[in-house]
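Q: Sharing a structure with you now.
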Amino acid sequence: MIMVTHQEVGERLKRARKARELSRETLAQRMSVSVATVQHNENGTRSMTLETLDDYCRILKVTRDWLVAGIGPMSAGGAADPDTAEVLKFMGALSDDEDKRAVVDFAKFKAQQKKTR
């Protein structure tokens, strides 16, 4: 059995919102709720209905499993987590192929380093 707190869901909600580069105001507007509601949900100080949870998932393009329990990839068709999404965003901003290659080489190095531990 997985135990989930409102605070844990709220933390993932905030991560997903920031990964999509949305302000609380914009998210609230898209959800047709107040900014205070989004803030309470992110802080874990207010519970939400399944309908609200599903609305967050649809707007933020995250899976319910990830938002509720942190299980599986963050989004069905995207990066596994916000950190990966951020790396990909910065990779896309690089114009020099040599810089991109350096980032890929560094990632390979870190992955290999982790394997040898």
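Chain labels run A, B, ... following the order of the structure tokens; each chain numbers its residues from 1, and ligands are numbered from 1 in the order shown.
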Could you give me the residues within chain A that DSSP places in alpha helix (DSSP H), as a count of residues only?

A: 79

Q: For region 65-77 of chain A, work out the shell of residues within 9 Å, counting only C-alpha atoms and skipping chain neighbours fewer than 5 positions away, then give it as a list in words.

A: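 Here the answer would be Ile2, Met3, Val4, Thr5, His6, Glu8, Val9, Gly10, Arg12, Leu13, Ala16, Leu53, Tyr56, Cys57, Leu60 and Pro82 of chain A.
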
Q: As a ChimeraX atom specification, please: the residues near region 35-40 of chain A (cut-off 10 Å, only C-alpha atoms, same-chain neighbours under 3 positions excluded).

A: /A:6-7,10,13-14,23-29,31-32,43-48,56

Q: Between A:Glu42, A:Asp99, A:Asp83, A:Asp54, which one has atoms that come closest to Glu11 (chain A), using only C-alpha atoms?

A: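 Checking each candidate against Glu11 (chain A), we get A:Glu42 as the closest.
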
Q: Using Å and a single decimal, report how far CA of Thr49 (chain A) sits from CA of Arg15 (chain A).

A: 19.8 Å

Q: Could you please determine the separation between CA of Gln113 (chain A) and CA of Val87 (chain A) in Å, to one decimal place?

A: 18.9 Å

Q: Find, counting only C-alpha atoms, the residue in A:Ala93, A:Leu88, A:Ala107, A:Leu22 that gets nearest to Ile59 (chain A).

A: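 For Ile59 (chain A), the nearest of the given residues is A:Leu22.
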
Q: Measure the distance from CA of Thr84 (chain A) to CA of Arg20 (chain A) in Å and round it to one decimal.

A: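 Atom-to-atom, CA of Thr84 (chain A) to CA of Arg20 (chain A), that is 12.4 Å.
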